[in-house]
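Trainee: I'd like to ask some things about the structure below.
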Amino acid sequence: MDLVAILENTARGLFGEQFIYFALAAIGLNMHYGYTGLLNFGQAVFMAAGAYGLSMAVVTLGLNFWIGLVLGIVVFPLILALIMGVPTLRLRADYLAIVTIASSEMFRIIARSPSLDRWTGSSDGLTAFANDFYDMSPFQAGERYFFGLFIGNQMWVVLVGWILLAIVVTLVWAMMRSPWGRVLRAIREDEDAARSLGKNAYWFKMQALMLGGMFGALGGMLRAIGTQSSQPQNFITDVTFFAWVALILGGVAKIGGPVLGAAILYGVLSFTDIVLRQMVESGIIPNSIMDGTQVGQVRFMLIGIGLVSLAILRPQGVLGTKEEMALDDH
Amino acid sequence: MLREQTLMSRAGNCIRAGMAIAAVVFLLALPSGPTHAQEGGAEVKGSLTYKDASGEKIAVEGVVFTANDESGSQAGTATSGTDGSWLIQLPPGTYSVELDVSTLPDGVVLKNPDKNPAEVRLVEGNSKSSLFPLVMGSAAPAASEDSGATASESSGDVVETTATVNESSTSGNIRVIQLLVDGLKLGLIIAMCAIGLSLIYGTTGLTNFAHGEAVTFGAVLGYLLNVTGVFGFRIPLIFATVVIVVVCGAFGGAFNKVVWARMRRRGSSLVAALVVSIGFSILFRYVILYFFGGRAKRFRDYQIQEQWDLGWFRLAPKDLALMVVSLVVLIGVASGLQFTRMGKAMRAVSDNRDLAESSGIDVERVIALVWIFGSALAGLGGVLFGVTEAISWEMGFRVLLLMFAGVTLGGLGTAYGALFGSIIVGVFIQLSTLVIPPDMKNVGALLMLVVILLVRPQGLLGRSERIG
């Protein structure tokens with residue numbers, strides 16, 4: 001067992017790239033569910049919109065990197081929010097849940113379809129679209145930074161991620177203090193009451209869906225940049241629930257909730273992952289019980305267990321209060 | 001009095017289930033029919049294999065091949081068997097033979113995706129080869145979720161699959177009718193799986209995302225009994241099915257008792273219940289993946305059957321059998337709901353829980369039975385899916401979304417709506433391949449779901465009410 005590797009990996013989980021991607025996605029979900037009460041189970045598709053918006057603009061259409069940014073962060077998520085929201089936001093909450101999860105599956109099928117290969121690159125996805133981003137990096141590609149945790153390009157992604165995260169958190173904090181944020185919370189508590197005060201609940205919900213989707217797209221785009229590839233595999237349905245666990249773990253409807261939740265979640269996942277991997281490699285766990293591929297599956301089981309036990313045992317998470325908003329207020 | 005009556009109706013249901021199972025036995029035991037070999041035709045066939053990391057040759061099962069003629073319309077389709085072999089019968093001509101990549105097991109990809117579809121010229125008395133080289137790559141999603149790097153860097157041995165062309169038979173099948181029949185088959189199975197989903201929603205308000213895993217569980221259990229075997233003894237699928245239905249029902253009942261009955265007692269919110277069901281769905285799915293593996297597999301029984309050429313369409317005996325089985329079961333369920341006391345109680349609880357409770361119906365008992373029945377039917381549906389297609393760890397999740405489409409189309413919470421809507425969805429999926437590539441056919445059904453919600457959110461059979 002390599003203790004240094006375990007510590008390093010856990011630290012990377014706590015505030016590294018994965019933490020940033022999913023903290024952003026979870027902030028988006030917090031906007032949806034925490035403040036507005038919308039059940040979005042398709043945050044992975046918003047993430048994919050960010051990733052594919054950028055990569056398709058650059059690789060498929062040959063556009064400028066900056067136009068790709070706008071497409072990925074603004075245009076694609078807006079279109080997606082309209083597609084998901086228009087049919088469902090007037091209906092009961094679980095219809096949005098079904099449509100969003102169905103959108104995830106639609107994305108998977110379309111993105112993997114070989115008939116659209118020249119647009120999406122099918123299962124292999126698109127690569128090499130973020131060179132402009134890395135050209136701006138002040139870090140040396142070969143060097144290690146931040147206590148030796150990140151190599152040059154990684155450090156650049158992580159630094160930009162931290163800055164974005166700080167901006168987004170401040171933005172959400174300001175918005176939730178504004179009258180606009182109060183309307184969202186009023187809709188969450190009692191939609192009919194909000195409507196009777198003359199607020200267009202449908203339109204406010206749509207705005208929240210769009211905005212939260214954009215935060216998700218930002219996370220997804222960063223993920224695509226960080227891995228230098230947009231692959232359908234990275235945005236499958238189950239990815240959404242990593243963000244959900246982060247949100248519930250940290251505390252629903254709290255500004256810092258999703259960030260703290262993502263840090264704890266990825267700390268735990270990275271720790272389990274590296275410990276299990278080392279145990280498998282050193283033969284402490286024999287291959288007949290678990291092999292390298294199966295280690296990767298354990299984290300999904302942990303997500304499942306996390307969802308179940310959080311929802312039943314601590315629906316308000318670490319920071320949340322049941323008075324404000326919790327998954328379950330029995 | 002009431003208790004006895006409901007027990008009796010329960011016995012009635014058991015008898016009905018027994019009859020259905022007897023029908024399975026009878027129909028699956030039918031001999032396979034003769035093929036219609038006619039002069040002037042040809043066939044494309046091949047064998048799909050690859051070598052794994054240790055160099056062992058592994059046949060790839062359950063991969064769908066489609067042959068399109070020059071006008072772009074589908075001329076034939078085939079699924080590779082346990083030994084990786086596949087065969088499409090065609091009249092002479094030029095075809096593009098396409099391997100449906102979405103049916104490849106996880107961890108295996110095409111070496112040259114741009115050479116799929118492959119052009120094949122079929123001439124009488126001539127023999128030709130076409131290659132679908134496979135590579136080990138892009139490991140199972142579970143392993144590659146974390147970083148794109150792990151998915152893209154892994155690669156393995158390249159092995160080829162050959163498509164040889166042989167002179168054989170021709171067909172005068174009408175494509176639309178063939179698709180209708182296929183769609184009906186798909187729709188009947190979706191319906192069988194969806195009844196439980198709809199009734200659980202109706203009686204408890206829970207949108208149970210873990211229902212798809214009951215379908216997978218049924219199929220995987222079938223694989224365990226039929227292929228792996230118990231104590232070295234491989235149970236024929238027909239008898240295994242009986243065991244599966246019982247085990248899935250028991251599992252559903254236990255699931256309700258341990259988790260859902262408690263959550264209802266605590267007065268948990270529906271959103272919390274929804275999230276819990278998703279958590280269980282993910283947990284079950286990955287536990288199944290852990291033990292079953294990412295590769296699609298098939299049963300030992302009824303893999304390859306000669307298809308009957310019935311003029312307008314072709315049908316394998318097993319497909320006819322499973323259509324009849326699902327029809328019998330569905331009619332049984334429908335009449336059970338319509339005429340038995342328990343069925344009436346189920347509909348009453350669906351309709352208005354409080355009213356049902358105050359008129360003396362034991363609501364918790366009704367709900368428990370709904371869980372048992374729904375899960376048993378889903379397990380049976382899983383076996384039927386395994387017979388007609390292949391068994392994979394996430395088959396249930398895929399079907400779940402089709403169930404949602406069907407149930408929403410018919411009207412969420414209505415029992416007959418689920419039947420009706422699922423069948424329409426099945427037919428729609430198959431017919432949509434007339435317009436869109438077959439590998440994207442499920443998108444049509446999911447888009448239909450969105451359109452229904454826009455136009456008629458209460459579904460075809462649901463009552464119009466303000467829902468939001």
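Every chain in the structure tokens takes a letter, A first, then B, and so on in the order presented; its residues are numbered from 1, and the ligands are numbered from 1 following the presented order.
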Using only C-alpha atoms, what table do you get, as a tab-separated table, when you list each residue of segment 145-229 of chain A with an atom no more than 12 Å from segment 54-69 of chain A, its nearest pair of atoms, and their distance in Å rounded to one decimal, rows by chain then rising number?

Mentor:
```
residue	atom	partner	partner_atom	distance
A:Met214	CA	A:Leu69	CA	11.4
A:Ala217	CA	A:Leu54	CA	10.1
A:Leu218	CA	A:Leu69	CA	9.1
A:Gly220	CA	A:Leu54	CA	10.1
A:Met221	CA	A:Leu54	CA	7.0
A:Leu222	CA	A:Leu54	CA	10.0
A:Arg223	CA	A:Leu54	CA	11.3
A:Ala224	CA	A:Ser55	CA	8.1
A:Ile225	CA	A:Ser55	CA	8.9
A:Thr227	CA	A:Ser55	CA	11.9
A:Gln228	CA	A:Ser55	CA	9.2
A:Ser229	CA	A:Ser55	CA	7.9
```

Trainee: Those same residues, written as a PDB file, in the first residue's frame with C-alpha atoms?

Mentor:
```
ATOM      1  CA  MET A 214     -25.929  26.715 -18.053  1.00  0.00           C
ATOM      2  CA  ALA A 217     -22.967  23.061 -19.198  1.00  0.00           C
ATOM      3  CA  LEU A 218     -20.044  24.999 -17.764  1.00  0.00           C
ATOM      4  CA  GLY A 220     -19.450  19.657 -18.652  1.00  0.00           C
ATOM      5  CA  MET A 221     -17.437  21.921 -20.918  1.00  0.00           C
ATOM      6  CA  LEU A 222     -14.651  22.109 -18.383  1.00  0.00           C
ATOM      7  CA  ARG A 223     -14.710  18.334 -18.173  1.00  0.00           C
ATOM      8  CA  ALA A 224     -14.404  18.065 -21.953  1.00  0.00           C
ATOM      9  CA  ILE A 225     -11.527  20.555 -21.913  1.00  0.00           C
ATOM     10  CA  THR A 227      -9.933  15.395 -20.763  1.00  0.00           C
ATOM     11  CA  GLN A 228      -9.512  16.955 -24.237  1.00  0.00           C
ATOM     12  CA  SER A 229     -12.412  14.831 -25.453  1.00  0.00           C
TER      13      SER A 229
END
```

Trainee: Please tabulate, as JSON lines, the residues of chain A that come within 6 Å of chain B, each with its closest pair of atoms and the distance in Å to one decimal, counting only C-alpha atoms and ordering rows by chain, then residue number upward.

Mentor:
```
{"residue": "A:Pro87", "atom": "CA", "partner": "B:Leu454", "partner_atom": "CA", "distance": 4.6}
{"residue": "A:Arg90", "atom": "CA", "partner": "B:Gly468", "partner_atom": "CA", "distance": 5.5}
{"residue": "A:Leu91", "atom": "CA", "partner": "B:Gly468", "partner_atom": "CA", "distance": 4.4}
{"residue": "A:Arg92", "atom": "CA", "partner": "B:Gly468", "partner_atom": "CA", "distance": 4.7}
{"residue": "A:Met106", "atom": "CA", "partner": "B:Val443", "partner_atom": "CA", "distance": 5.4}
{"residue": "A:Thr227", "atom": "CA", "partner": "B:Gly148", "partner_atom": "CA", "distance": 5.7}
{"residue": "A:Asn234", "atom": "CA", "partner": "B:Glu145", "partner_atom": "CA", "distance": 5.4}
{"residue": "A:Thr293", "atom": "CA", "partner": "B:Ala143", "partner_atom": "CA", "distance": 5.5}
{"residue": "A:Gly296", "atom": "CA", "partner": "B:Ala143", "partner_atom": "CA", "distance": 4.3}
{"residue": "A:Gln297", "atom": "CA", "partner": "B:Ala142", "partner_atom": "CA", "distance": 4.9}
{"residue": "A:Met301", "atom": "CA", "partner": "B:Leu283", "partner_atom": "CA", "distance": 4.7}
{"residue": "A:Gly304", "atom": "CA", "partner": "B:Gly279", "partner_atom": "CA", "distance": 4.0}
{"residue": "A:Leu307", "atom": "CA", "partner": "B:Gly279", "partner_atom": "CA", "distance": 4.9}
{"residue": "A:Val308", "atom": "CA", "partner": "B:Val276", "partner_atom": "CA", "distance": 4.6}
{"residue": "A:Ala311", "atom": "CA", "partner": "B:Ala272", "partner_atom": "CA", "distance": 5.8}
{"residue": "A:Leu327", "atom": "CA", "partner": "B:Ala272", "partner_atom": "CA", "distance": 5.4}
{"residue": "A:Asp328", "atom": "CA", "partner": "B:Ala272", "partner_atom": "CA", "distance": 5.4}
{"residue": "A:His330", "atom": "CA", "partner": "B:Ser268", "partner_atom": "CA", "distance": 5.4}
```

Trainee: What would the file look like if the residues just selected were written as a PDB file, in the first residue's frame with C-alpha atoms?

Mentor:
```
ATOM      1  CA  PRO A  87     -43.851  20.334 -22.340  1.00  0.00           C
ATOM      2  CA  ARG A  90     -46.877  23.223 -16.444  1.00  0.00           C
ATOM      3  CA  LEU A  91     -47.270  19.656 -15.222  1.00  0.00           C
ATOM      4  CA  ARG A  92     -46.639  17.784 -11.977  1.00  0.00           C
ATOM      5  CA  MET A 106     -31.872  10.164 -26.252  1.00  0.00           C
ATOM      6  CA  THR A 227      -9.933  15.395 -20.763  1.00  0.00           C
ATOM      7  CA  ASN A 234     -18.649  10.643 -19.983  1.00  0.00           C
ATOM      8  CA  THR A 293     -12.773  -3.252 -14.164  1.00  0.00           C
ATOM      9  CA  GLY A 296     -14.674   1.196 -11.397  1.00  0.00           C
ATOM     10  CA  GLN A 297     -18.131  -0.266 -10.829  1.00  0.00           C
ATOM     11  CA  MET A 301     -22.713   1.266  -6.245  1.00  0.00           C
ATOM     12  CA  GLY A 304     -26.654   4.254  -5.351  1.00  0.00           C
ATOM     13  CA  LEU A 307     -28.690   8.320  -2.679  1.00  0.00           C
ATOM     14  CA  VAL A 308     -30.719   5.784  -0.724  1.00  0.00           C
ATOM     15  CA  ALA A 311     -32.655  10.376   1.302  1.00  0.00           C
ATOM     16  CA  LEU A 327     -35.428  16.144   0.276  1.00  0.00           C
ATOM     17  CA  ASP A 328     -37.804  14.765   2.844  1.00  0.00           C
ATOM     18  CA  HIS A 330     -41.515  14.083   7.274  1.00  0.00           C
TER      19      HIS A 330
END
```

Trainee: Residues near segment 26-42 of chain A, anyone? I mean within 8 Å using only C-alpha atoms, not counting same-chain ones fewer than 6 positions away, as a PyMOL selection string.

Mentor: chain A and resi 93-94+96-98+100-104+169+181+184-185+187-188+205+208-209+211-216+237+240-241+243-244+246-247+252-254+258-259+262+325

Trainee: Next, dump the selected residues to file, keeping only C-alpha atoms, as a PDB file, in the first residue's frame.

Mentor:
```pdb
ATOM      1  CA  ALA A  93     -42.997  17.556 -10.891  1.00  0.00           C
ATOM      2  CA  ASP A  94     -42.431  13.925 -11.896  1.00  0.00           C
ATOM      3  CA  LEU A  96     -40.048  16.797 -15.761  1.00  0.00           C
ATOM      4  CA  ALA A  97     -38.158  13.991 -14.026  1.00  0.00           C
ATOM      5  CA  ILE A  98     -39.246  11.482 -16.686  1.00  0.00           C
ATOM      6  CA  THR A 100     -35.134  14.788 -18.353  1.00  0.00           C
ATOM      7  CA  ILE A 101     -34.072  11.193 -17.786  1.00  0.00           C
ATOM      8  CA  ALA A 102     -35.480  10.289 -21.211  1.00  0.00           C
ATOM      9  CA  SER A 103     -33.403  13.118 -22.700  1.00  0.00           C
ATOM     10  CA  SER A 104     -30.316  11.490 -21.215  1.00  0.00           C
ATOM     11  CA  VAL A 169     -21.088  30.781  -6.241  1.00  0.00           C
ATOM     12  CA  GLY A 181     -34.571  34.632  -6.070  1.00  0.00           C
ATOM     13  CA  LEU A 184     -38.217  31.211  -7.141  1.00  0.00           C
ATOM     14  CA  ARG A 185     -38.410  30.167  -3.512  1.00  0.00           C
ATOM     15  CA  ILE A 187     -42.779  29.015  -6.331  1.00  0.00           C
ATOM     16  CA  ARG A 188     -40.992  26.140  -4.637  1.00  0.00           C
ATOM     17  CA  LYS A 205     -39.340  28.031 -13.628  1.00  0.00           C
ATOM     18  CA  ALA A 208     -34.303  28.663 -13.415  1.00  0.00           C
ATOM     19  CA  LEU A 209     -34.089  25.606 -15.664  1.00  0.00           C
ATOM     20  CA  LEU A 211     -29.726  29.115 -15.718  1.00  0.00           C
ATOM     21  CA  GLY A 212     -29.072  25.908 -13.789  1.00  0.00           C
ATOM     22  CA  GLY A 213     -28.567  24.146 -17.105  1.00  0.00           C
ATOM     23  CA  MET A 214     -25.929  26.715 -18.053  1.00  0.00           C
ATOM     24  CA  PHE A 215     -24.006  26.045 -14.839  1.00  0.00           C
ATOM     25  CA  GLY A 216     -24.169  22.351 -15.658  1.00  0.00           C
ATOM     26  CA  THR A 237     -27.475   9.002 -17.368  1.00  0.00           C
ATOM     27  CA  THR A 240     -26.400  13.030 -13.303  1.00  0.00           C
ATOM     28  CA  PHE A 241     -26.657  11.247  -9.996  1.00  0.00           C
ATOM     29  CA  ALA A 243     -24.225  15.642  -9.033  1.00  0.00           C
ATOM     30  CA  TRP A 244     -27.399  14.740  -7.138  1.00  0.00           C
ATOM     31  CA  ALA A 246     -23.121  15.937  -4.155  1.00  0.00           C
ATOM     32  CA  LEU A 247     -26.101  18.271  -3.803  1.00  0.00           C
ATOM     33  CA  VAL A 252     -30.106  21.403  -0.610  1.00  0.00           C
ATOM     34  CA  ALA A 253     -30.869  25.143  -1.007  1.00  0.00           C
ATOM     35  CA  LYS A 254     -27.599  26.216   0.627  1.00  0.00           C
ATOM     36  CA  PRO A 258     -23.172  21.683  -3.610  1.00  0.00           C
ATOM     37  CA  VAL A 259     -19.518  22.752  -3.339  1.00  0.00           C
ATOM     38  CA  ALA A 262     -18.894  17.629  -4.306  1.00  0.00           C
ATOM     39  CA  MET A 325     -35.602  22.765   2.314  1.00  0.00           C
TER      40      MET A 325
END
```

Trainee: I need the residues of segment 43-269 of chain A that end up classed as alpha helix (DSSP H) by DSSP on the backbone, written out as number ranges by chain.

Mentor: A: 43-55, 65-70, 76-88, 93-112, 117-120, 131-135, 152-177, 179-189, 191-196, 201-227, 237-250, 257-269

Trainee: Rounded to one decimal in Å, what is the spacing between atom CA of Met403 of chain B and atom CA of Thr103 of chain B?

Mentor: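 It comes out at 19.9 Å.
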
Trainee: So how far away is atom CA of Phe255 of chain B from atom CA of Leu327 of chain B, in Å?

Mentor: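 We find that atom CA of Leu327 of chain B and atom CA of Phe255 of chain B lie 27.5 Å from each other.
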
Trainee: Excluding segment 367-374 of chain B and any residue of its chain fewer than 2 positions from it, enumerate the residues within 8 Å of it, using only C-alpha atoms, and give them as a compact mmCIF listing (two decimals) with C-alpha atoms, in the first residue's frame.

Mentor:
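What ended up in result22.txt:
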```txt
# COMPACT_ATOMS: atom_id res chain seq x y z
CA CYS B 193 -43.23 -5.02 -17.84
CA ILE B 195 -48.26 -2.96 -15.81
CA GLY B 196 -46.43 -3.14 -12.50
CA LEU B 197 -44.92 0.29 -13.01
CA LEU B 199 -50.12 0.02 -10.89
CA ILE B 200 -47.43 0.94 -8.36
CA THR B 203 -51.67 2.88 -5.85
CA THR B 204 -48.77 4.64 -4.13
CA CYS B 248 -39.16 -11.93 -8.79
CA GLY B 249 -42.59 -11.71 -7.18
CA ALA B 250 -41.16 -12.60 -3.79
CA PHE B 251 -38.37 -10.10 -4.27
CA GLY B 252 -40.83 -7.36 -5.19
CA GLY B 253 -42.93 -8.18 -2.13
CA ASN B 256 -42.02 -3.25 -0.70
CA LYS B 257 -42.09 -4.55 2.85
CA MET B 346 -56.51 -2.41 -6.98
CA VAL B 363 -54.90 -0.59 1.17
CA GLU B 364 -51.52 -1.84 2.38
CA ARG B 365 -52.45 -5.38 1.40
CA ALA B 376 -43.34 -11.03 -11.18
CA LEU B 377 -44.65 -9.75 -14.52
CA ALA B 378 -41.53 -7.61 -14.99
```

Trainee: Find the distance between atom CA of Phe271 of chain A and atom CA of Leu3 of chain A and write it in Å to one decimal.

Mentor: 10.8 Å

Trainee: For Phe146 of chain A, which residue among A:Ala23, A:Ile6, A:Val298, A:Ala11 is the nearest when counting only C-alpha atoms?

Mentor: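 Closest candidate: A:Ala11.
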
Trainee: Quick one: everything within 8 Å of Gly76 of chain B, counting only C-alpha atoms, minus sequence neighbours fewer than 4 positions away in the same chain. Send it as a list in words.

Mentor: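 With the cut-off at 8 Å, the set is Thr66, Ala67, Asn68, Ile88, Gln89 and Leu90 of chain B.
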